[in-house]
$ cat model_33.tsv   # TSV, C-alpha atoms
chain	number	residue	atom	x	y	z
A	10	MET	CA	0.00	0.00	0.00
A	11	GLU	CA	1.29	3.47	-0.89
A	12	TYR	CA	1.50	6.22	1.72
A	13	ASN	CA	-0.95	8.33	-0.36
A	14	GLU	CA	-3.57	5.59	-0.04
A	15	ILE	CA	-3.20	5.55	3.75
A	16	ILE	CA	-3.60	9.34	3.89
A	17	LYS	CA	-6.72	9.13	1.68
A	18	LYS	CA	-8.24	6.62	4.12
A	19	LEU	CA	-7.33	8.82	7.08
A	20	LYS	CA	-8.96	11.84	5.44
A	21	LYS	CA	-12.15	9.77	5.10
A	22	LYS	CA	-11.85	8.89	8.81
A	23	ILE	CA	-11.25	5.19	8.07
A	24	PHE	CA	-8.88	4.16	10.84
A	25	SER	CA	-7.17	0.91	11.76
A	26	PRO	CA	-6.29	0.24	15.39
A	27	ILE	CA	-2.57	-0.36	14.63
A	28	TYR	CA	-0.25	1.01	11.97
A	29	LEU	CA	3.23	-0.39	11.47
A	30	LEU	CA	5.39	1.95	9.41
A	31	MET	CA	8.68	0.29	8.58
A	32	GLY	CA	11.44	0.28	6.02
A	33	GLU	CA	14.67	1.79	4.84
A	34	GLU	CA	13.29	5.11	3.53
A	35	PRO	CA	12.32	7.38	6.47
A	36	TYR	CA	10.79	10.14	4.31
A	37	PHE	CA	7.44	8.41	3.72
A	38	MET	CA	7.19	7.24	7.33
A	39	ASP	CA	7.80	10.80	8.53
A	40	ILE	CA	5.02	12.11	6.28
A	41	LEU	CA	2.58	9.54	7.68
A	42	THR	CA	3.65	10.07	11.29
A	43	ASP	CA	3.31	13.83	10.92
A	44	TYR	CA	-0.14	13.37	9.39
A	45	PHE	CA	-1.29	11.28	12.37
A	46	GLU	CA	0.18	13.82	14.77
A	47	ASP	CA	-1.13	16.96	13.08
A	48	ASN	CA	-4.42	16.15	11.33
A	49	ILE	CA	-6.48	13.45	13.04
A	50	LEU	CA	-7.25	15.20	16.33
A	51	THR	CA	-8.29	18.80	16.89
A	52	GLU	CA	-5.92	21.06	18.84
A	53	GLU	CA	-8.10	20.72	21.95
A	54	GLU	CA	-8.16	16.92	21.72
A	55	LYS	CA	-4.39	16.67	21.30
A	56	ASP	CA	-3.74	17.82	24.86
A	57	PHE	CA	-5.35	14.72	26.34
A	58	ASN	CA	-5.51	12.20	23.51
A	59	LEU	CA	-2.15	12.37	21.73
A	60	THR	CA	0.83	10.54	23.20
A	61	VAL	CA	4.21	10.51	21.48
A	62	VAL	CA	6.99	8.31	22.85
A	63	TYR	CA	10.42	7.31	21.58
A	64	GLY	CA	11.58	3.70	21.45
A	65	LYS	CA	14.87	4.50	23.15
A	66	ASP	CA	13.15	6.14	26.13
A	67	THR	CA	10.30	3.70	26.79
A	68	ASP	CA	9.32	0.04	26.90
A	69	SER	CA	6.47	-2.04	25.52
A	70	ARG	CA	4.62	-2.19	28.84
A	71	THR	CA	4.37	1.61	28.94
A	72	ILE	CA	3.17	1.73	25.32
A	73	ILE	CA	0.53	-0.90	26.09
A	74	ASN	CA	-0.64	1.09	29.14
A	75	TYR	CA	-0.98	4.26	27.04
A	76	SER	CA	-2.83	2.32	24.33
A	77	LYS	CA	-5.32	0.75	26.74
A	78	ARG	CA	-6.51	4.10	28.06
A	79	PHE	CA	-9.77	5.47	26.80
A	80	PRO	CA	-10.05	8.83	25.03
A	81	MET	CA	-10.81	11.84	27.20
A	82	MET	CA	-12.81	15.05	26.81
A	83	SER	CA	-15.57	13.62	24.59
A	84	SER	CA	-13.09	12.56	21.92
A	85	GLU	CA	-13.85	9.32	20.10
A	86	ILE	CA	-10.22	8.33	19.55
A	87	GLN	CA	-6.78	8.70	21.02
A	88	ILE	CA	-3.46	8.35	19.20
A	89	VAL	CA	-0.29	6.77	20.55
A	90	ILE	CA	2.77	7.29	18.35
A	91	VAL	CA	5.96	5.30	18.90
A	92	LYS	CA	8.80	7.03	17.06
A	93	GLU	CA	12.12	5.25	16.51
A	94	ALA	CA	10.57	1.90	17.43
A	95	GLN	CA	13.67	0.13	16.11
A	96	GLU	CA	15.30	1.21	19.41
A	97	LEU	CA	12.59	-0.54	21.47
A	98	LYS	CA	14.29	-3.47	23.21
A	99	ASP	CA	11.16	-5.55	23.88
A	100	ILE	CA	9.10	-4.74	20.77
A	101	GLU	CA	7.74	-8.31	20.56
A	102	GLU	CA	5.88	-7.68	23.84
A	103	LEU	CA	3.51	-5.43	21.87
A	104	LEU	CA	1.98	-8.68	20.62
A	105	HIS	CA	-0.16	-8.74	23.80
A	106	TYR	CA	-1.81	-5.49	22.74
A	107	ALA	CA	-1.92	-6.36	19.02
A	108	GLU	CA	-3.99	-9.48	19.77
A	109	SER	CA	-6.89	-7.35	21.06
A	110	PRO	CA	-6.40	-3.64	20.33
A	111	LEU	CA	-8.88	-1.05	21.52
A	112	PRO	CA	-10.98	0.34	18.67
A	113	SER	CA	-10.77	3.80	20.25
A	114	THR	CA	-6.95	3.86	20.07
A	115	ILE	CA	-4.76	4.34	17.02
A	116	LEU	CA	-1.30	2.93	17.74
A	117	VAL	CA	1.34	4.09	15.24
A	118	ILE	CA	4.66	2.24	15.34
A	119	SER	CA	7.38	3.95	13.28
A	120	HIS	CA	10.19	1.41	12.79
A	121	LYS	CA	12.80	3.27	10.71
A	122	TYR	CA	15.78	2.14	8.63
A	123	LYS	CA	14.93	-1.56	8.72
A	124	ASN	CA	11.97	-3.90	8.64
A	125	LEU	CA	10.39	-5.75	11.50
A	126	ASP	CA	10.94	-9.48	11.00
A	127	LYS	CA	8.07	-10.60	8.75
A	128	ARG	CA	8.16	-14.07	10.32
A	129	SER	CA	7.48	-12.70	13.81
A	130	LYS	CA	4.14	-13.15	15.54
A	131	LEU	CA	3.90	-9.39	16.09
A	132	TYR	CA	4.22	-8.61	12.38
A	133	LYS	CA	1.65	-11.24	11.44
A	134	LYS	CA	-0.81	-10.01	14.07
A	135	ILE	CA	-0.47	-6.36	13.00
A	136	LEU	CA	-0.96	-7.43	9.39
A	137	GLU	CA	-4.16	-9.20	10.47
A	138	LYS	CA	-5.57	-6.48	12.77
A	139	GLY	CA	-4.13	-3.28	11.30
A	140	GLU	CA	-2.13	-1.77	8.46
A	141	VAL	CA	1.50	-2.34	7.51
A	142	PHE	CA	3.33	0.20	5.38
A	143	GLU	CA	6.75	-0.77	4.05
A	144	SER	CA	8.78	2.23	2.93
A	145	LYS	CA	11.28	1.14	0.31
A	146	CYS	CA	14.16	3.21	-1.00
A	147	ILE	CA	13.65	4.61	-4.45
A	148	GLN	CA	16.28	3.55	-6.96
A	149	GLU	CA	18.70	6.31	-7.90
A	150	SER	CA	17.55	6.19	-11.53
A	151	LYS	CA	13.89	6.69	-10.52
A	152	ILE	CA	14.41	9.78	-8.34
A	153	PRO	CA	14.00	12.33	-11.18
A	154	GLU	CA	10.68	10.64	-12.01
A	155	TRP	CA	9.68	10.87	-8.32
A	156	ILE	CA	10.62	14.58	-8.26
A	157	ASN	CA	8.43	15.18	-11.32
A	158	LYS	CA	5.48	13.29	-9.79
A	159	GLU	CA	5.77	15.16	-6.48
A	160	LEU	CA	5.81	18.51	-8.23
A	161	GLN	CA	2.84	17.56	-10.42
A	162	SER	CA	0.83	16.72	-7.31
A	163	GLY	CA	1.35	20.34	-6.23
A	164	ASP	CA	0.43	21.74	-9.67
A	165	TYR	CA	4.04	22.46	-10.62
A	166	SER	CA	6.16	21.15	-13.45
A	167	ILE	CA	9.87	20.64	-14.00
A	168	ASN	CA	12.08	20.06	-16.97
A	169	PRO	CA	13.45	16.47	-16.95
A	170	ASN	CA	17.00	17.82	-17.14
A	171	ALA	CA	16.38	20.01	-14.11
A	172	ALA	CA	15.03	17.03	-12.16
A	173	SER	CA	18.17	15.08	-13.05
A	174	MET	CA	20.36	17.99	-11.95
A	175	LEU	CA	18.51	18.19	-8.63
A	176	ASN	CA	19.06	14.48	-8.14
A	177	GLU	CA	22.78	14.76	-8.94
A	178	PHE	CA	23.23	17.76	-6.66
A	179	LEU	CA	21.18	16.55	-3.67
A	180	GLY	CA	21.67	12.79	-3.94
A	181	ASN	CA	18.97	10.32	-2.93
A	182	ASP	CA	17.87	11.90	0.36
A	183	LEU	CA	14.15	12.44	-0.31
A	184	GLY	CA	13.74	14.70	2.71
A	185	LYS	CA	16.42	17.05	1.42
A	186	ILE	CA	14.97	16.97	-2.11
A	187	SER	CA	11.48	17.68	-0.78
A	188	ASN	CA	12.69	20.74	1.12
$ encode --input "model_33.tsv" --output "C-alpha cells"
Amino acid sequence: MEYNEIIKKLKKKIFSPIYLLMGEEPYFMDILTDYFEDNILTEEEKDFNLTVVYGKDTDSRTIINYSKRFPMMSSEIQIVIVKEAQELKDIEELLHYAESPLPSTILVISHKYKNLDKRSKLYKKILEKGEVFESKCIQESKIPEWINKELQSGDYSINPNAASMLNEFLGNDLGKISN
C-alpha cells in the first residue's frame, strides 16, 4: 500500500487500530507520522488524547498502558505514536496489545531504517488487525521521475534535465529533495 492511499483513508476517517510503518526510507514514514500527529485530532483533543513516545526512552509495557486508556474530553479516539521503534528493546511484547487492540486507540509504530521481521508473531498479528506500510528506498535512476510526480501533485512542473540535476546535486535523500 502506498502512503498516499493511507492518507486518503485517514482523510475519510477510516482508521485501523494499529499502523506499522517500517522500512529503509524514512521520508514516507515521517510524512505519515506527521499526518497522524497533526491532522487526526483537533488542537483541543491533542492535549489529552495524543501521546508521542520514543523507542529509546520507553518500553512495551508503557506503550501498552498508554494504548489501553480510553479517550478523554468527549473525543472518540486517542493516538499513541511510537517514534524510533527500532530502538525498542522488547518490541515483541507489543503482541499482547496487538492481539486485542482497543478500537478507540490508534497505535502508530514507526520502525525506521529496517523492517520488522516478517516471520514474527507481532508482524503477522499487526498485518491481520491493522495496516503495515513498508517504505522502500527509491532507486537512484527513478528519483528524477519521483521529483516530477511530487511537483505535479502540487500543480508544478519541472524540466526532466532540471530534475536530473537536482538528483545529482542533492543525492537520494528524499527529505532534502522535498525541502
$ closest_residue --input "model_33.tsv" --among "A:Val61, A:Leu29, A:Met10, A:Ala94" --to "Lys138 of chain A" --atoms "only C-alpha atoms"
A:Leu29
$ closest_residue --input "model_33.tsv" --among "A:Glu108, A:Glu34, A:Glu154, A:Glu140" --to "Leu19 of chain A" --atoms "only C-alpha atoms"
A:Glu140
$ closest_residue --input "model_33.tsv" --among "A:Met174, A:Cys146, A:Ala107, A:Ile186" --to "Tyr122 of chain A" --atoms "all atoms listed in the file"
A:Cys146
$ residues_around --input "model_33.tsv" --residues "Gln95 of chain A" --least-positions-apart "6" --cutoff "8 Å" --atoms "all atoms listed in the file" --output "PyMOL selection string"
chain A and resi 64+119-121+123
$ write_last_selection --input "model_33.tsv" --atoms "C-alpha atoms" --output "PDB file, in the coordinates of the input"
ATOM      1  CA  GLY A  64      11.580   3.700  21.450  1.00  0.00           C
ATOM      2  CA  SER A 119       7.380   3.950  13.280  1.00  0.00           C
ATOM      3  CA  HIS A 120      10.190   1.410  12.790  1.00  0.00           C
ATOM      4  CA  LYS A 121      12.800   3.270  10.710  1.00  0.00           C
ATOM      5  CA  LYS A 123      14.930  -1.560   8.720  1.00  0.00           C
TER       6      LYS A 123
END
$ residues_near_point --input "model_33.tsv" --point "(-7.0, 15.8, 15.0)" --cutoff "12 Å" --atoms "all atoms listed in the file" --output "PyMOL selection string"
chain A and resi 19-20+22+43-59+84-88+115
